[in-house]
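Here's the structure we're looking at; comments come further down.
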Amino acid sequence: MKNNVVVDAGQQKDTNMSLDNNSHPSRPGPDELVPSRYALRVGEIDVLVVSDGVLPIPAETIAYNVDATVRTAWLDDMFLAPDMLDWPLNVVVVRSGGRTILIDAGIGADPGLNLPRAGQLTLRLEAAGIDLASVTDVVLTHMHMDHIGGLLVDGVRDRLRPDLRVHLPAAEAKFWESPDFSRVSMPPGYPDALRSVAKRFLNEYNSQLRPFEAEYEVAPGVIVRRTGGHTPGHSVVRLASGRDRLTFAGDLVFAVGFDHPDWHNGFEHDPEEAARVRILLLRELAATREPLVATHLSFPSVCHVAVAGDVFRWVPAVWAY
């Protein structure tokens, strides 16, 4: 299984998302000192991973069902701070069958939680030469604010096509009409912000929602499939073209989930079901050896899954320059 990969690390604008096998000598601009987009092909499907920035969260959020000393030991082993973490925010753009599909939309404007390094998606799409008016479809893995907020930034909706289609499971839209936060363990302020952003999103994009039950093919080889767990309608996106495959897992997999897939993340609305679905997905990806991309794995997050006894190993893909 061969996936052609090329990184595009700067301000160079390219309407083809720089999907070729040549490195680009352009220099990053002064506000882009590190790469913010990474391109690859899955057969005939073009894929671009785009960084929306990073989201600071308390370290305890990654595993609130284990003793603090155990969690701290894992963080120390990973050379991570014991108190606060920077969660990467990854978004994916896919082109297949004449359609341009945005998978998740980042966090958008700061909802009053002091997140100055997040909400970069619109600027970084522009830097990649992607016009918002070219987006035909949006797929939402779920409706947490760091996946939908980019569509609520002032002026964004006016730049989107009037016939834009927004795909998500019916169960996800239904859940956010009256969301249940009884089983989460989020930092203060987040539940209220999540409720507010989701309510606004449903109001503003209601006419463009295209809900499905279990699975929907958005474009040739681009299938969104409901998994549940993290939220009732959480979904993954499976790409398939020729012999190539890639899965965008949204929030089913976090960095700690490889070593400890049974640890509960504070943002999971059904933590036991999230762990069950996570383990099933990781087992499948280890067996098929197909690449994985996820929202909160270190950018660009393209990796493989290996089995390590009763748990898993995260194997980052080698960057192709």
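We label chains A, B, ... in the order they appear in the structure tokens, count residues from 1 in each chain, and number ligands from 1 in the order shown.
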
Can you tell me which residues surround segment 91-95 of chain A at a distance of at most 8 Å, considering only C-alpha atoms, apart from same-chain residues fewer than 5 positions away, and format the answer as a PyMOL selection string? chain A and resi 45-52+100-106+121+295

Spatial neighbours of Leu202 of chain A, max dist 10 Å, only C-alpha atoms, sep filter under 6 positions, as a list in words: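 Those residues are Met143, Ala173, Lys174, Trp176, Glu177, Gln208 and Leu209 of chain A.
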
All heavy atoms of the current selection, written as a PDB file, in the first residue's frame:
ATOM      1  N   MET A 143     -19.913  17.753  16.829  1.00  0.00           N
ATOM      2  CA  MET A 143     -20.229  19.169  16.943  1.00  0.00           C
ATOM      3  C   MET A 143     -19.597  19.851  18.148  1.00  0.00           C
ATOM      4  O   MET A 143     -20.097  20.883  18.600  1.00  0.00           O
ATOM      5  CB  MET A 143     -21.745  19.380  16.944  1.00  0.00           C
ATOM      6  CG  MET A 143     -22.354  19.262  15.553  1.00  0.00           C
ATOM      7  SD  MET A 143     -24.139  19.535  15.534  1.00  0.00           S
ATOM      8  CE  MET A 143     -24.237  21.143  16.320  1.00  0.00           C
ATOM      9  N   ALA A 173     -26.915  15.858  15.501  1.00  0.00           N
ATOM     10  CA  ALA A 173     -27.723  17.077  15.528  1.00  0.00           C
ATOM     11  C   ALA A 173     -28.776  17.000  16.634  1.00  0.00           C
ATOM     12  O   ALA A 173     -29.019  17.981  17.351  1.00  0.00           O
ATOM     13  CB  ALA A 173     -28.381  17.290  14.174  1.00  0.00           C
ATOM     14  N   LYS A 174     -29.394  15.843  16.796  1.00  0.00           N
ATOM     15  CA  LYS A 174     -30.422  15.665  17.826  1.00  0.00           C
ATOM     16  C   LYS A 174     -29.836  15.841  19.220  1.00  0.00           C
ATOM     17  O   LYS A 174     -30.433  16.494  20.090  1.00  0.00           O
ATOM     18  CB  LYS A 174     -31.046  14.273  17.685  1.00  0.00           C
ATOM     19  CG  LYS A 174     -32.158  13.982  18.696  1.00  0.00           C
ATOM     20  CD  LYS A 174     -33.376  14.853  18.445  1.00  0.00           C
ATOM     21  CE  LYS A 174     -34.506  14.472  19.377  1.00  0.00           C
ATOM     22  NZ  LYS A 174     -35.680  15.379  19.201  1.00  0.00           N
ATOM     23  N   TRP A 176     -27.360  17.647  20.233  1.00  0.00           N
ATOM     24  CA  TRP A 176     -27.005  19.016  20.577  1.00  0.00           C
ATOM     25  C   TRP A 176     -28.203  19.941  20.699  1.00  0.00           C
ATOM     26  O   TRP A 176     -28.057  21.106  21.066  1.00  0.00           O
ATOM     27  CB  TRP A 176     -25.981  19.557  19.585  1.00  0.00           C
ATOM     28  CG  TRP A 176     -24.647  18.925  19.845  1.00  0.00           C
ATOM     29  CD1 TRP A 176     -24.085  17.892  19.175  1.00  0.00           C
ATOM     30  CD2 TRP A 176     -23.741  19.260  20.905  1.00  0.00           C
ATOM     31  NE1 TRP A 176     -22.877  17.554  19.733  1.00  0.00           N
ATOM     32  CE2 TRP A 176     -22.642  18.377  20.792  1.00  0.00           C
ATOM     33  CE3 TRP A 176     -23.744  20.213  21.920  1.00  0.00           C
ATOM     34  CZ2 TRP A 176     -21.557  18.430  21.675  1.00  0.00           C
ATOM     35  CZ3 TRP A 176     -22.671  20.270  22.791  1.00  0.00           C
ATOM     36  CH2 TRP A 176     -21.599  19.386  22.666  1.00  0.00           C
ATOM     37  N   GLU A 177     -29.389  19.432  20.444  1.00  0.00           N
ATOM     38  CA  GLU A 177     -30.590  20.215  20.739  1.00  0.00           C
ATOM     39  C   GLU A 177     -30.782  20.337  22.251  1.00  0.00           C
ATOM     40  O   GLU A 177     -31.294  21.339  22.743  1.00  0.00           O
ATOM     41  CB  GLU A 177     -31.816  19.565  20.106  1.00  0.00           C
ATOM     42  CG  GLU A 177     -31.821  19.635  18.578  1.00  0.00           C
ATOM     43  CD  GLU A 177     -33.000  18.895  17.972  1.00  0.00           C
ATOM     44  OE1 GLU A 177     -33.839  18.379  18.756  1.00  0.00           O
ATOM     45  OE2 GLU A 177     -33.084  18.825  16.732  1.00  0.00           O
ATOM     46  N   GLN A 208     -28.711  23.860   5.565  1.00  0.00           N
ATOM     47  CA  GLN A 208     -27.685  23.203   4.763  1.00  0.00           C
ATOM     48  C   GLN A 208     -27.265  21.846   5.326  1.00  0.00           C
ATOM     49  O   GLN A 208     -26.415  21.174   4.749  1.00  0.00           O
ATOM     50  CB  GLN A 208     -26.473  24.130   4.636  1.00  0.00           C
ATOM     51  CG  GLN A 208     -26.773  25.342   3.757  1.00  0.00           C
ATOM     52  CD  GLN A 208     -25.773  26.458   3.944  1.00  0.00           C
ATOM     53  OE1 GLN A 208     -25.630  27.006   5.030  1.00  0.00           O
ATOM     54  NE2 GLN A 208     -25.076  26.806   2.873  1.00  0.00           N
ATOM     55  N   LEU A 209     -27.860  21.444   6.449  1.00  0.00           N
ATOM     56  CA  LEU A 209     -27.532  20.147   7.034  1.00  0.00           C
ATOM     57  C   LEU A 209     -28.067  19.022   6.168  1.00  0.00           C
ATOM     58  O   LEU A 209     -29.203  19.071   5.675  1.00  0.00           O
ATOM     59  CB  LEU A 209     -28.106  20.031   8.439  1.00  0.00           C
ATOM     60  CG  LEU A 209     -27.587  21.013   9.492  1.00  0.00           C
ATOM     61  CD1 LEU A 209     -28.221  20.694  10.848  1.00  0.00           C
ATOM     62  CD2 LEU A 209     -26.067  20.959   9.589  1.00  0.00           C
TER      63      LEU A 209
END

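With only C-alpha atoms as the atoms that count, the residue of A:Val184, A:Leu246, A:Ala240, A:Leu75 with the shortest distance to His269 of chain A is A:Val184.
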
Which residues are near segment 260-268 of chain A? Cut-off 8 Å, only C-alpha atoms, ignore same chain within fewer than 5 positions. Put them as an MDAnalysis selection string. chainID A and resid 61:66 183:186 229:231 274:276 278:279 311

Grab the residues selected above and save them as a PDB file, in the first residue's frame with C-alpha atoms.
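What follows is the written file selection-v7.pdb:
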ATOM      1  CA  THR A  61      -8.273  16.075  30.907  1.00  0.00           C
ATOM      2  CA  ILE A  62      -6.500  13.321  28.961  1.00  0.00           C
ATOM      3  CA  ALA A  63      -7.213  10.685  31.633  1.00  0.00           C
ATOM      4  CA  TYR A  64      -9.446  11.427  34.576  1.00  0.00           C
ATOM      5  CA  ASN A  65     -10.191   7.779  35.446  1.00  0.00           C
ATOM      6  CA  VAL A  66      -6.633   6.971  36.577  1.00  0.00           C
ATOM      7  CA  ARG A 183     -20.499  12.036  32.203  1.00  0.00           C
ATOM      8  CA  VAL A 184     -17.830  14.457  31.002  1.00  0.00           C
ATOM      9  CA  SER A 185     -14.939  15.931  32.987  1.00  0.00           C
ATOM     10  CA  MET A 186     -14.124  19.132  31.114  1.00  0.00           C
ATOM     11  CA  GLY A 229     -18.783   7.097  21.795  1.00  0.00           C
ATOM     12  CA  HIS A 230     -17.093  10.468  22.009  1.00  0.00           C
ATOM     13  CA  THR A 231     -20.486  11.987  21.231  1.00  0.00           C
ATOM     14  CA  ALA A 274     -15.577   5.713  23.348  1.00  0.00           C
ATOM     15  CA  ALA A 275     -12.917   3.342  24.696  1.00  0.00           C
ATOM     16  CA  ARG A 276     -14.634   0.334  23.124  1.00  0.00           C
ATOM     17  CA  ARG A 278     -11.318   3.303  19.955  1.00  0.00           C
ATOM     18  CA  ILE A 279      -9.914  -0.175  20.596  1.00  0.00           C
ATOM     19  CA  VAL A 311      -2.125  -2.086  23.582  1.00  0.00           C
TER      20      VAL A 311
END

Counting only C-alpha atoms, the option among A:Asp76, A:Asp192, A:Asp137, A:Asp86 closest to Pro179 of chain A: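 Smallest separation from Pro179 of chain A among the options: A:Asp192.
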
Of A:Asn203, A:Asn90, A:Thr69, A:Ser298, the one nearest to Asp146 of chain A when counting only C-alpha atoms is A:Asn90

Interatomic distance between atom CA of Arg313 of chain A and atom CA of Leu239 of chain A?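 Between atom CA of Arg313 of chain A and atom CA of Leu239 of chain A the gap works out to 22.1 Å.
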
Give the strand (DSSP E or B) residues of segment 125-292 of chain A, as DSSP finds them on the backbone, and put them as a PyMOL selection string. chain A and resi 137-139+165-169+209-212+215-219+222-226+235-241+244-248+292

Can you spit out the residues from that selection as a short mmCIF file (atom, residue, chain, number, x, y, z; two decimals), in the first residue's frame, using N, CA, C and O atoms?
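Output file out-v9.cif follows:
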data_model
loop_
_atom_site.label_atom_id
_atom_site.label_comp_id
_atom_site.auth_asym_id
_atom_site.auth_seq_id
_atom_site.Cartn_x
_atom_site.Cartn_y
_atom_site.Cartn_z
N ASP A 137 -18.66 20.67 0.12
CA ASP A 137 -19.21 19.88 1.22
C ASP A 137 -18.39 20.09 2.48
O ASP A 137 -17.18 20.28 2.42
N VAL A 138 -19.07 20.02 3.61
CA VAL A 138 -18.41 19.98 4.91
C VAL A 138 -18.86 18.69 5.59
O VAL A 138 -20.06 18.38 5.62
N VAL A 139 -17.91 17.93 6.13
CA VAL A 139 -18.22 16.76 6.94
C VAL A 139 -17.80 17.06 8.37
O VAL A 139 -16.66 17.48 8.61
N ARG A 165 -23.23 21.71 1.30
CA ARG A 165 -23.87 20.62 2.03
C ARG A 165 -23.03 20.30 3.27
O ARG A 165 -21.82 20.11 3.17
N VAL A 166 -23.68 20.22 4.42
CA VAL A 166 -23.01 19.92 5.68
C VAL A 166 -23.51 18.55 6.15
O VAL A 166 -24.68 18.38 6.47
N HIS A 167 -22.60 17.59 6.21
CA HIS A 167 -22.96 16.20 6.50
C HIS A 167 -22.62 15.86 7.96
O HIS A 167 -21.50 16.09 8.41
N LEU A 168 -23.58 15.29 8.65
CA LEU A 168 -23.37 14.78 10.00
C LEU A 168 -24.50 13.81 10.31
O LEU A 168 -25.57 13.88 9.71
N PRO A 169 -24.27 12.88 11.27
CA PRO A 169 -25.35 11.97 11.62
C PRO A 169 -26.54 12.70 12.25
O PRO A 169 -26.36 13.69 12.98
N LEU A 209 -27.86 21.44 6.45
CA LEU A 209 -27.53 20.15 7.03
C LEU A 209 -28.07 19.02 6.17
O LEU A 209 -29.20 19.07 5.68
N ARG A 210 -27.25 17.99 5.99
CA ARG A 210 -27.65 16.78 5.27
C ARG A 210 -27.41 15.59 6.21
O ARG A 210 -26.41 14.89 6.11
N PRO A 211 -28.32 15.37 7.15
CA PRO A 211 -28.12 14.30 8.14
C PRO A 211 -28.24 12.91 7.51
O PRO A 211 -28.98 12.70 6.55
N PHE A 212 -27.49 11.97 8.07
CA PHE A 212 -27.57 10.58 7.65
C PHE A 212 -27.67 9.71 8.90
O PHE A 212 -27.46 10.19 10.01
N GLU A 215 -24.12 5.80 7.64
CA GLU A 215 -23.01 5.92 6.71
C GLU A 215 -23.46 6.68 5.48
O GLU A 215 -24.61 6.59 5.06
N TYR A 216 -22.53 7.46 4.91
CA TYR A 216 -22.88 8.22 3.71
C TYR A 216 -21.63 8.42 2.86
O TYR A 216 -20.57 8.77 3.39
N GLU A 217 -21.75 8.21 1.56
CA GLU A 217 -20.64 8.44 0.64
C GLU A 217 -20.76 9.86 0.10
O GLU A 217 -21.65 10.17 -0.70
N VAL A 218 -19.87 10.73 0.53
CA VAL A 218 -19.92 12.14 0.18
C VAL A 218 -19.44 12.38 -1.24
O VAL A 218 -19.97 13.22 -1.97
N ALA A 219 -18.43 11.64 -1.64
CA ALA A 219 -17.84 11.71 -2.98
C ALA A 219 -17.20 10.35 -3.24
O ALA A 219 -17.09 9.53 -2.31
N VAL A 222 -15.06 8.56 -0.54
CA VAL A 222 -15.05 9.36 0.69
C VAL A 222 -16.32 9.03 1.47
O VAL A 222 -17.41 9.50 1.15
N ILE A 223 -16.17 8.19 2.48
CA ILE A 223 -17.32 7.68 3.24
C ILE A 223 -17.23 8.13 4.68
O ILE A 223 -16.21 7.92 5.35
N VAL A 224 -18.29 8.77 5.17
CA VAL A 224 -18.36 9.15 6.58
C VAL A 224 -19.24 8.13 7.29
O VAL A 224 -20.31 7.77 6.80
N ARG A 225 -18.76 7.66 8.44
CA ARG A 225 -19.42 6.55 9.13
C ARG A 225 -19.57 6.88 10.61
O ARG A 225 -18.60 7.23 11.28
N ARG A 226 -20.76 6.77 11.11
CA ARG A 226 -21.02 7.05 12.52
C ARG A 226 -20.41 5.96 13.40
O ARG A 226 -20.57 4.77 13.14
N SER A 235 -18.31 10.59 14.22
CA SER A 235 -18.08 9.83 12.99
C SER A 235 -16.60 9.83 12.63
O SER A 235 -15.84 10.70 13.07
N VAL A 236 -16.22 8.86 11.83
CA VAL A 236 -14.90 8.85 11.20
C VAL A 236 -15.11 8.94 9.70
O VAL A 236 -16.20 8.64 9.18
N VAL A 237 -14.07 9.36 8.99
CA VAL A 237 -14.13 9.45 7.53
C VAL A 237 -13.11 8.48 6.96
O VAL A 237 -11.92 8.55 7.29
N ARG A 238 -13.58 7.58 6.11
CA ARG A 238 -12.71 6.58 5.51
C ARG A 238 -12.51 6.93 4.04
O ARG A 238 -13.48 7.11 3.29
N LEU A 239 -11.25 7.03 3.62
CA LEU A 239 -10.91 7.31 2.23
C LEU A 239 -10.37 6.04 1.58
O LEU A 239 -9.56 5.33 2.17
N ALA A 240 -10.81 5.77 0.36
CA ALA A 240 -10.35 4.58 -0.35
C ALA A 240 -10.31 4.88 -1.84
O ALA A 240 -11.30 5.36 -2.42
N SER A 241 -9.16 4.62 -2.47
CA SER A 241 -9.01 4.79 -3.91
C SER A 241 -7.95 3.82 -4.40
O SER A 241 -6.81 3.86 -3.92
N ASP A 244 -5.15 2.19 -2.05
CA ASP A 244 -4.79 3.08 -0.95
C ASP A 244 -5.97 3.35 -0.04
O ASP A 244 -7.14 3.40 -0.47
N ARG A 245 -5.66 3.56 1.23
CA ARG A 245 -6.66 3.84 2.24
C ARG A 245 -6.12 4.89 3.21
O ARG A 245 -4.91 5.04 3.39
N LEU A 246 -7.02 5.62 3.86
CA LEU A 246 -6.67 6.52 4.95
C LEU A 246 -7.92 6.76 5.79
O LEU A 246 -9.02 6.87 5.24
N THR A 247 -7.75 6.82 7.10
CA THR A 247 -8.86 7.10 8.01
C THR A 247 -8.61 8.38 8.77
O THR A 247 -7.54 8.55 9.36
N PHE A 248 -9.59 9.28 8.74
CA PHE A 248 -9.58 10.45 9.62
C PHE A 248 -10.48 10.10 10.80
O PHE A 248 -11.69 9.93 10.64
N LEU A 292 -3.46 6.69 9.46
CA LEU A 292 -4.43 7.33 10.34
C LEU A 292 -4.11 8.81 10.46
O LEU A 292 -2.94 9.19 10.55
#
